[in-house]
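Participant: PDB, C-alpha atoms, file upload-v6.pdb:
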```
ATOM      1  CA  MET A   1     262.160 -68.234 -64.007
ATOM      2  CA  PRO A   2     261.157 -65.455 -66.396
ATOM      3  CA  ARG A   3     263.019 -65.494 -69.681
ATOM      4  CA  HIS A   4     264.087 -61.825 -69.332
ATOM      5  CA  VAL A   5     266.112 -62.712 -66.212
ATOM      6  CA  GLU A   6     267.835 -65.580 -68.002
ATOM      7  CA  ASN A   7     268.893 -63.326 -70.869
ATOM      8  CA  GLY A   8     269.547 -60.299 -68.664
ATOM      9  CA  SER A   9     272.622 -59.351 -66.753
ATOM     10  CA  VAL A  10     274.317 -61.464 -64.133
ATOM     11  CA  GLY A  11     273.167 -58.852 -61.621
ATOM     12  CA  GLU A  12     269.523 -59.487 -62.511
ATOM     13  CA  PHE A  13     270.073 -63.226 -62.197
ATOM     14  CA  VAL A  14     271.699 -62.827 -58.784
ATOM     15  CA  ALA A  15     268.961 -60.471 -57.587
ATOM     16  CA  ALA A  16     266.283 -62.936 -58.649
ATOM     17  CA  ARG A  17     267.896 -66.233 -57.578
ATOM     18  CA  LEU A  18     270.461 -65.580 -54.825
ATOM     19  CA  GLY A  19     268.137 -66.660 -52.011
ATOM     20  CA  VAL A  20     267.351 -69.952 -53.741
ATOM     21  CA  LEU A  21     271.039 -70.614 -54.439
ATOM     22  CA  LEU A  22     272.038 -69.844 -50.843
ATOM     23  CA  ARG A  23     269.315 -72.137 -49.440
ATOM     24  CA  TYR A  24     270.437 -74.909 -51.796
ATOM     25  CA  ALA A  25     274.081 -74.519 -50.749
ATOM     26  CA  THR A  26     273.106 -74.328 -47.073
ATOM     27  CA  VAL A  27     271.216 -77.610 -47.307
ATOM     28  CA  LEU A  28     274.242 -79.203 -48.975
ATOM     29  CA  THR A  29     276.784 -77.897 -46.486
ATOM     30  CA  CYS A  30     274.654 -77.635 -43.329
ATOM     31  CA  ASP A  31     276.673 -74.485 -42.685
ATOM     32  CA  PRO A  32     275.360 -71.093 -43.845
ATOM     33  CA  HIS A  33     278.835 -69.556 -43.731
ATOM     34  CA  GLN A  34     280.347 -72.252 -45.925
ATOM     35  CA  ALA A  35     277.292 -72.003 -48.204
ATOM     36  CA  ASP A  36     277.870 -68.271 -48.545
ATOM     37  CA  ASP A  37     281.534 -68.872 -49.407
ATOM     38  CA  ILE A  38     280.650 -71.521 -52.006
ATOM     39  CA  VAL A  39     277.959 -69.400 -53.648
ATOM     40  CA  GLY A  40     280.286 -66.403 -53.677
ATOM     41  CA  GLU A  41     283.068 -68.410 -55.312
ATOM     42  CA  VAL A  42     280.681 -69.841 -57.886
ATOM     43  CA  MET A  43     279.155 -66.441 -58.668
ATOM     44  CA  VAL A  44     282.617 -65.059 -59.440
ATOM     45  CA  ARG A  45     283.025 -67.818 -62.030
ATOM     46  CA  VAL A  46     279.452 -67.324 -63.256
ATOM     47  CA  SER A  47     280.009 -63.613 -63.876
ATOM     48  CA  ALA A  48     283.070 -64.388 -65.992
ATOM     49  CA  ARG A  49     281.017 -66.832 -68.128
ATOM     50  CA  TRP A  50     277.622 -65.179 -67.939
ATOM     51  CA  ARG A  51     277.002 -64.777 -71.686
ATOM     52  CA  ARG A  52     277.465 -68.505 -72.253
ATOM     53  CA  ILE A  53     275.486 -69.488 -69.152
ATOM     54  CA  ALA A  54     272.622 -67.062 -69.927
ATOM     55  CA  ALA A  55     272.270 -68.600 -73.390
ATOM     56  CA  MET A  56     271.574 -72.049 -71.892
ATOM     57  CA  ASP A  57     268.068 -73.473 -71.565
ATOM     58  CA  GLN A  58     268.343 -73.644 -67.769
ATOM     59  CA  PRO A  59     271.014 -71.326 -66.417
ATOM     60  CA  GLU A  60     269.895 -71.829 -62.813
ATOM     61  CA  ALA A  61     270.294 -75.598 -63.104
ATOM     62  CA  TYR A  62     273.796 -75.065 -64.485
ATOM     63  CA  VAL A  63     274.695 -72.737 -61.601
ATOM     64  CA  LYS A  64     273.321 -75.251 -59.087
ATOM     65  CA  ARG A  65     275.517 -77.906 -60.645
ATOM     66  CA  MET A  66     278.495 -75.568 -60.259
ATOM     67  CA  ILE A  67     277.568 -75.190 -56.559
ATOM     68  CA  LEU A  68     277.308 -78.967 -56.163
ATOM     69  CA  ASN A  69     280.695 -79.475 -57.836
ATOM     70  CA  GLU A  70     282.293 -76.792 -55.660
ATOM     71  CA  PHE A  71     280.853 -78.420 -52.532
ATOM     72  CA  LEU A  72     282.110 -81.869 -53.524
ATOM     73  CA  SER A  73     285.537 -80.593 -54.589
ATOM     74  CA  LEU A  74     285.951 -78.696 -51.300
ATOM     75  CA  ARG A  75     285.255 -81.904 -49.417
ATOM     76  CA  ARG A  76     287.905 -83.712 -51.469
ATOM     77  CA  ARG A  77     290.456 -80.909 -51.025
ATOM     78  CA  TRP A  78     289.950 -80.566 -47.315
ATOM     79  CA  GLY A  79     289.861 -84.284 -46.716
ATOM     80  CA  ARG A  80     288.005 -85.311 -43.626
ATOM     81  CA  VAL A  81     286.074 -82.358 -42.255
ATOM     82  CA  VAL A  82     285.182 -82.552 -38.592
ATOM     83  CA  PRO A  83     281.409 -82.289 -38.409
ATOM     84  CA  MET A  84     279.845 -79.613 -36.247
ATOM     85  CA  SER A  85     278.473 -80.587 -32.871
ATOM     86  CA  HIS A  86     274.728 -81.029 -32.574
ATOM     87  CA  GLU A  87     274.536 -77.777 -30.636
ATOM     88  CA  GLN A  88     276.441 -75.824 -33.309
ATOM     89  CA  LEU A  89     274.344 -77.316 -36.089
ATOM     90  CA  ALA A  90     271.135 -76.594 -34.159
ATOM     91  CA  ASP A  91     272.158 -72.951 -33.762
ATOM     92  CA  ARG A  92     272.875 -72.640 -37.463
ATOM     93  CA  ALA A  93     269.817 -74.605 -38.569
ATOM     94  CA  THR A  94     267.496 -72.266 -36.693
ATOM     95  CA  ALA A  95     269.029 -69.306 -38.541
ATOM     96  CA  VAL A  96     268.170 -70.948 -41.879
ATOM     97  CA  ASP A  97     264.882 -72.679 -41.064
ATOM     98  CA  PRO A  98     261.966 -70.421 -40.153
ATOM     99  CA  LEU A  99     260.143 -73.390 -38.588
ATOM    100  CA  THR A 100     262.235 -73.450 -35.414
ATOM    101  CA  GLU A 101     259.406 -75.022 -33.441
ATOM    102  CA  ARG A 102     259.733 -78.237 -35.396
ATOM    103  CA  GLN A 103     262.404 -80.173 -33.528
ATOM    104  CA  ASP A 104     261.933 -83.210 -35.737
ATOM    105  CA  ARG A 105     263.051 -81.173 -38.752
ATOM    106  CA  ASP A 106     266.068 -79.865 -36.861
ATOM    107  CA  GLU A 107     267.010 -83.398 -35.887
ATOM    108  CA  LEU A 108     266.712 -84.540 -39.491
ATOM    109  CA  VAL A 109     268.930 -81.661 -40.638
ATOM    110  CA  ARG A 110     271.558 -82.733 -38.095
ATOM    111  CA  ARG A 111     271.402 -86.341 -39.247
ATOM    112  CA  VAL A 112     271.621 -85.395 -42.935
ATOM    113  CA  GLY A 113     274.562 -83.122 -42.083
ATOM    114  CA  ALA A 114     276.428 -86.093 -40.609
ATOM    115  CA  LEU A 115     276.198 -88.091 -43.859
ATOM    116  CA  PRO A 116     279.243 -88.322 -46.157
ATOM    117  CA  ALA A 117     279.306 -85.592 -48.821
ATOM    118  CA  ARG A 118     278.172 -87.684 -51.798
ATOM    119  CA  GLN A 119     275.323 -89.312 -49.850
ATOM    120  CA  ARG A 120     274.249 -85.910 -48.551
ATOM    121  CA  ALA A 121     274.328 -84.502 -52.087
ATOM    122  CA  VAL A 122     272.145 -87.378 -53.336
ATOM    123  CA  ILE A 123     269.609 -86.817 -50.541
ATOM    124  CA  VAL A 124     269.518 -83.059 -51.174
ATOM    125  CA  LEU A 125     269.194 -83.434 -54.944
ATOM    126  CA  ARG A 126     266.523 -86.125 -54.658
ATOM    127  CA  TYR A 127     264.342 -84.863 -51.823
ATOM    128  CA  PHE A 128     265.074 -81.131 -51.623
ATOM    129  CA  GLU A 129     265.516 -80.395 -55.336
ATOM    130  CA  GLY A 130     263.239 -83.185 -56.642
ATOM    131  CA  HIS A 131     265.613 -84.642 -59.240
ATOM    132  CA  THR A 132     265.297 -88.188 -60.557
ATOM    133  CA  PHE A 133     268.082 -90.692 -59.994
ATOM    134  CA  ASP A 134     269.080 -90.393 -63.648
ATOM    135  CA  GLU A 135     269.327 -86.602 -63.377
ATOM    136  CA  ILE A 136     271.359 -86.882 -60.183
ATOM    137  CA  ALA A 137     273.695 -89.373 -61.831
ATOM    138  CA  GLU A 138     274.256 -86.950 -64.681
ATOM    139  CA  LEU A 139     274.846 -84.046 -62.295
ATOM    140  CA  MET A 140     277.300 -86.027 -60.179
ATOM    141  CA  GLY A 141     279.053 -87.766 -63.059
ATOM    142  CA  SER A 142     278.166 -91.278 -61.938
ATOM    143  CA  ARG A 143     275.752 -94.056 -62.817
ATOM    144  CA  ALA A 144     272.106 -94.109 -61.760
ATOM    145  CA  SER A 145     272.652 -97.434 -59.985
ATOM    146  CA  THR A 146     275.428 -95.835 -57.910
ATOM    147  CA  VAL A 147     273.140 -92.923 -57.028
ATOM    148  CA  ARG A 148     270.345 -95.318 -56.024
ATOM    149  CA  ALA A 149     272.800 -97.253 -53.840
ATOM    150  CA  GLN A 150     274.035 -94.033 -52.201
ATOM    151  CA  ALA A 151     270.442 -92.938 -51.560
ATOM    152  CA  SER A 152     269.558 -96.330 -50.115
ATOM    153  CA  THR A 153     272.596 -96.340 -47.837
ATOM    154  CA  ALA A 154     271.943 -92.772 -46.702
ATOM    155  CA  LEU A 155     268.268 -93.445 -45.998
ATOM    156  CA  ALA A 156     269.159 -96.618 -44.093
ATOM    157  CA  LYS A 157     271.591 -94.614 -41.933
ATOM    158  CA  LEU A 158     268.947 -91.964 -41.306
ATOM    159  CA  ARG A 159     266.332 -94.585 -40.373
ATOM    160  CA  LEU A 160     268.743 -96.441 -38.091
ATOM    161  CA  GLU A 161     269.669 -93.278 -36.256
ATOM    162  CA  ALA A 162     265.980 -92.352 -35.923
ATOM    163  CA  GLU A 163     265.309 -95.759 -34.314
ATOM    164  CA  ILE A 164     268.230 -95.362 -31.926
ATOM    165  CA  ARG A 165     266.967 -91.982 -30.714
TER
END
```
Would you give me this structure, written as structure tokens?
Facilitator:
Amino acid sequence: MPRHVENGSVGEFVAARLGVLLRYATVLTCDPHQADDIVGEVMVRVSARWRRIAAMDQPEAYVKRMILNEFLSLRRRWGRVVPMSHEQLADRATAVDPLTERQDRDELVRRVGALPARQRAVIVLRYFEGHTFDEIAELMGSRASTVRAQASTALAKLRLEAEIR
């Protein structure tokens, strides 16, 4: 991201990065409405702390961590969230994914959406965001071995479900 956006106003940051932040939150939540709520809540907190956040080396990474924490804390606060039906998730996935013709991608999105929150976060951070296990562990406040185990368990679930279908 250009340095002038990092040091600019929160409005410039939002104008430049809102789409990326919304896509990131949508992949985490598998629900564009919940993603919008999370990003909105986080941006309120970001605007209150913008001077400190803008002075960081990677303000976008910090904001993404805030989004991840908000997502995980919502899951804890709400307890067990009833997952959307495959039909509901398919409807929402097509609104987010411009490659609607690719049913295999839609199916994968549904399967990732059915994973527990922490496993889903690990998969998103590793394969969507491209973080290493050590970086994910730092972001999630856990150990790298725990993150590797969560990734392994999540991938095993995804493979098993792919074999069943």
Participant: Just checking: using all atoms listed in the file, which residue out of A:Val10, A:Val63, A:Ala162, A:Leu125 ends up closest to Arg51 (chain A)?
Facilitator: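 Checking each candidate against Arg51 (chain A), we get A:Val10 as the closest.
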Participant: Might you spell out which residues the PyMOL selection byres ((chain A and resi 161) around 12) would select in the displayed file, as a list in words?
Facilitator: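 Checking the PyMOL selection byres ((chain A and resi 161) around 12) against this file, the residues are Glu107, Leu108, Arg110, Arg111, Val112, Ala114, Leu115, Ala154, Leu155, Ala156, Lys157, Leu158, Arg159, Leu160, Ala162, Glu163, Ile164 and Arg165 of chain A.
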Participant: Taking the file as shown, find all residues satisfying the PyMOL selection byres ((chain A and resi 121) around 12) and write them as a PyMOL selection string.
Facilitator: chain A and resi 24-30+64-65+67-72+75+112-120+122-129+131+133+136-137+139-140+147+150-151+154
Participant: If we count all atoms listed in the file, what is near Val46 (chain A) at a cut-off of 12 Å, once residues fewer than 6 positions away on the same chain are taken out, given as a ChimeraX atom specification?
Facilitator: /A:9-11,13-14,39-40,52-54,59-60,62-67
Participant: Quick one, how far is CA of Arg148 (chain A) from CA of Asp134 (chain A)?
Facilitator: 9.2 Å
Participant: Just to confirm, what's the straight-line distance from CA of Glu135 (chain A) to CA of Ser73 (chain A) in Å (one decimal)?
Facilitator: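 Separation between CA of Glu135 (chain A) and CA of Ser73 (chain A): 19.4 Å.
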Participant: Grab the CA of Leu22 (chain A) to CA of Thr146 (chain A) distance for me, in Å with one decimal place.
Facilitator: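 It comes out at 27.1 Å.
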Participant: Just checking: using all atoms listed in the file, which residue out of A:Pro32, A:Thr153, A:Ala16, A:Asp37 ends up closest to Leu74 (chain A)?
Facilitator: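 Using all atoms listed in the file, the shortest distance to Leu74 (chain A) belongs to A:Asp37.
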